[in-house]
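my_file-v6.txt (compact mmCIF, C-alpha atoms)
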```txt
# COMPACT_ATOMS: atom_id res chain seq x y z
CA MET A 14 6.60 -8.62 22.41
CA THR A 15 6.96 -11.91 20.59
CA VAL A 16 9.59 -12.13 17.89
CA THR A 17 9.86 -15.19 15.66
CA ILE A 18 12.72 -16.05 13.35
CA TYR A 19 12.48 -18.57 10.54
CA HIS A 20 16.03 -19.77 10.88
CA ASN A 21 18.55 -22.02 9.18
CA PRO A 22 21.49 -22.52 11.57
CA ARG A 23 23.76 -23.41 8.62
CA CYS A 24 23.16 -20.00 6.99
CA GLY A 25 25.55 -17.19 7.90
CA LYS A 26 22.98 -14.41 7.39
CA SER A 27 20.50 -16.32 9.52
CA ARG A 28 23.06 -16.74 12.32
CA GLU A 29 24.01 -13.04 12.07
CA THR A 30 20.37 -12.00 12.30
CA LEU A 31 19.78 -14.21 15.33
CA ALA A 32 22.88 -12.74 16.99
CA LEU A 33 21.67 -9.22 16.21
CA LEU A 34 18.36 -9.93 17.94
CA ARG A 35 20.09 -11.44 20.97
CA GLU A 36 22.50 -8.49 21.21
CA ARG A 37 19.41 -6.34 21.69
CA GLY A 38 18.11 -8.54 24.48
CA ILE A 39 15.55 -10.33 22.32
CA GLU A 40 15.30 -14.10 22.61
CA PRO A 41 13.11 -14.98 19.64
CA ARG A 42 10.97 -18.01 19.07
CA ILE A 43 13.12 -19.98 16.64
CA ILE A 44 11.55 -22.01 13.87
CA GLU A 45 14.11 -24.11 12.05
CA TYR A 46 12.08 -24.07 8.89
CA LEU A 47 13.97 -26.92 7.24
CA LYS A 48 12.87 -29.19 10.11
CA THR A 49 9.43 -27.61 10.50
CA PRO A 50 8.51 -26.13 7.10
CA PRO A 51 5.65 -23.65 6.84
CA ASP A 52 2.51 -24.94 5.20
CA ALA A 53 0.97 -23.10 2.24
CA ALA A 54 -1.28 -20.90 4.42
CA GLU A 55 1.61 -19.87 6.69
CA LEU A 56 3.84 -19.16 3.71
CA LYS A 57 1.14 -17.01 2.08
CA HIS A 58 0.77 -15.11 5.36
CA LEU A 59 4.53 -14.51 5.53
CA LEU A 60 4.55 -13.31 1.92
CA THR A 61 1.75 -10.85 2.74
CA LEU A 62 3.62 -9.55 5.79
CA LEU A 63 6.82 -9.19 3.74
CA GLY A 64 5.03 -7.60 0.78
CA LEU A 65 6.75 -10.03 -1.58
CA THR A 66 5.67 -12.38 -4.33
CA PRO A 67 6.58 -16.05 -4.06
CA ARG A 68 9.20 -15.62 -6.79
CA GLN A 69 10.84 -12.79 -4.80
CA LEU A 70 11.24 -15.12 -1.80
CA LEU A 71 12.92 -17.89 -3.79
CA ARG A 72 16.61 -18.62 -3.54
CA ALA A 73 17.75 -18.77 -7.19
CA LYS A 74 20.13 -21.74 -7.11
CA GLU A 75 17.95 -23.85 -4.86
CA ALA A 76 14.86 -22.95 -6.90
CA ALA A 77 16.60 -24.09 -10.08
CA ASP A 78 17.65 -27.34 -8.39
CA ALA A 79 14.02 -27.93 -7.29
CA GLY A 80 12.59 -27.17 -10.74
CA LEU A 81 11.00 -23.88 -9.62
CA SER A 82 12.86 -21.49 -11.91
CA ASP A 83 10.38 -21.79 -14.80
CA PRO A 84 9.00 -18.24 -15.29
CA GLY A 85 5.66 -19.74 -16.34
CA LEU A 86 4.96 -21.24 -12.91
CA SER A 87 2.02 -19.66 -11.10
CA ASP A 88 2.27 -18.24 -7.59
CA GLU A 89 0.30 -21.26 -6.33
CA ALA A 90 2.75 -23.64 -7.99
CA LEU A 91 5.71 -21.75 -6.51
CA ILE A 92 4.18 -21.83 -3.04
CA ALA A 93 3.51 -25.57 -3.35
CA GLY A 94 7.12 -26.04 -4.47
CA MET A 95 8.44 -23.96 -1.57
CA VAL A 96 6.40 -26.02 0.88
CA ALA A 97 7.74 -29.25 -0.65
CA HIS A 98 11.30 -27.89 -0.83
CA PRO A 99 11.75 -25.40 2.06
CA ILE A 100 15.45 -24.99 1.21
CA THR A 101 14.22 -22.77 -1.64
CA ILE A 102 12.82 -20.17 0.79
CA GLU A 103 15.05 -17.14 1.33
CA ARG A 104 16.10 -16.68 4.92
CA PRO A 105 15.98 -15.54 7.61
CA ILE A 106 12.48 -14.15 8.06
CA VAL A 107 11.76 -12.27 11.28
CA VAL A 108 8.18 -11.61 12.39
CA LYS A 109 7.04 -9.23 15.13
CA ASP A 110 3.61 -7.79 15.89
CA GLY A 111 2.04 -8.46 12.49
CA ALA A 112 5.04 -7.25 10.50
CA ALA A 113 7.95 -9.14 8.93
CA ALA A 114 11.36 -8.46 7.46
CA LEU A 115 13.86 -10.51 5.53
CA GLY A 116 17.25 -10.49 7.23
CA ARG A 117 19.21 -9.69 4.08
CA PRO A 118 21.12 -7.82 5.26
CA PRO A 119 20.62 -8.71 8.94
CA GLN A 120 20.21 -5.01 9.81
CA ALA A 121 16.98 -4.96 7.79
CA VAL A 122 15.17 -6.51 10.75
CA LEU A 123 15.98 -3.52 12.96
CA ALA A 124 13.03 -1.66 11.44
CA LEU A 125 10.74 -4.19 13.20
CA LEU A 126 12.24 -3.57 16.60
```
Encoded form using structure tokens:
Amino acid sequence: MTVTIYHNPRCGKSRETLALLRERGIEPRIIEYLKTPPDAAELKHLLTLLGLTPRQLLRAKEAADAGLSDPGLSDEALIAGMVAHPITIERPIVVKDGAAALGRPPQAVLALL
């Protein structure tokens, strides 16, 4: 079983989610997505696994700061913006066996385990 977490160590929810996984004996593959941002194809794949639209995966304040809050922006434009500004991506995202969950709240990832 491979579990991957798209993690921001400065984010409390991300740290809580990582701790939750470790408490259950799971040492996930950690992708610090601010250092290693997903490309457009990977981000689209994550959105599909999560069942979310790009706008639903945006962090509101960071999206506004990056100029991505315009409701007229297409999904492709939002994805390009998220790739260019990974801080706008909501976190953490946990992936396991072709399924994904957003760790907000951290307990939401338990459904994957």
Long-range neighbours of A:Pro50 as a ChimeraX atom specification, 8 Å cut-off, only C-alpha atoms, 3 positions minimum in chain: /A:45-47,96,99
Distance query A:Gln120 at most 10 Å, all atoms listed in the file, self and fewer than 6 positions along chain excluded, as a list in words: Glu29, Thr30, Leu33, Leu34 and Ala114 of chain A
Exercise: A:Val16 partners within 7 Å, all atoms listed in the file, chain neighbours under 6 positions left out, as a PyMOL selection string: chain A and resi 41-42+107-109
Interatomic distance, atom CA of A:Pro22 to atom CA of A:Pro118 (Å, one decimal): 16.0 Å
One-decimal distance in Å that lies between atom CA of A:Gly111 and atom CA of A:Thr15: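 We find that atom CA of A:Thr15 and atom CA of A:Gly111 lie 10.1 Å from each other.
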Polymer residues at most 12 Å from (21.7, -12.6, 16.5) by all atoms listed in the file, as a ChimeraX atom specification: /A:18,20,22,25-41,43,105,107,116,119-120,122-123
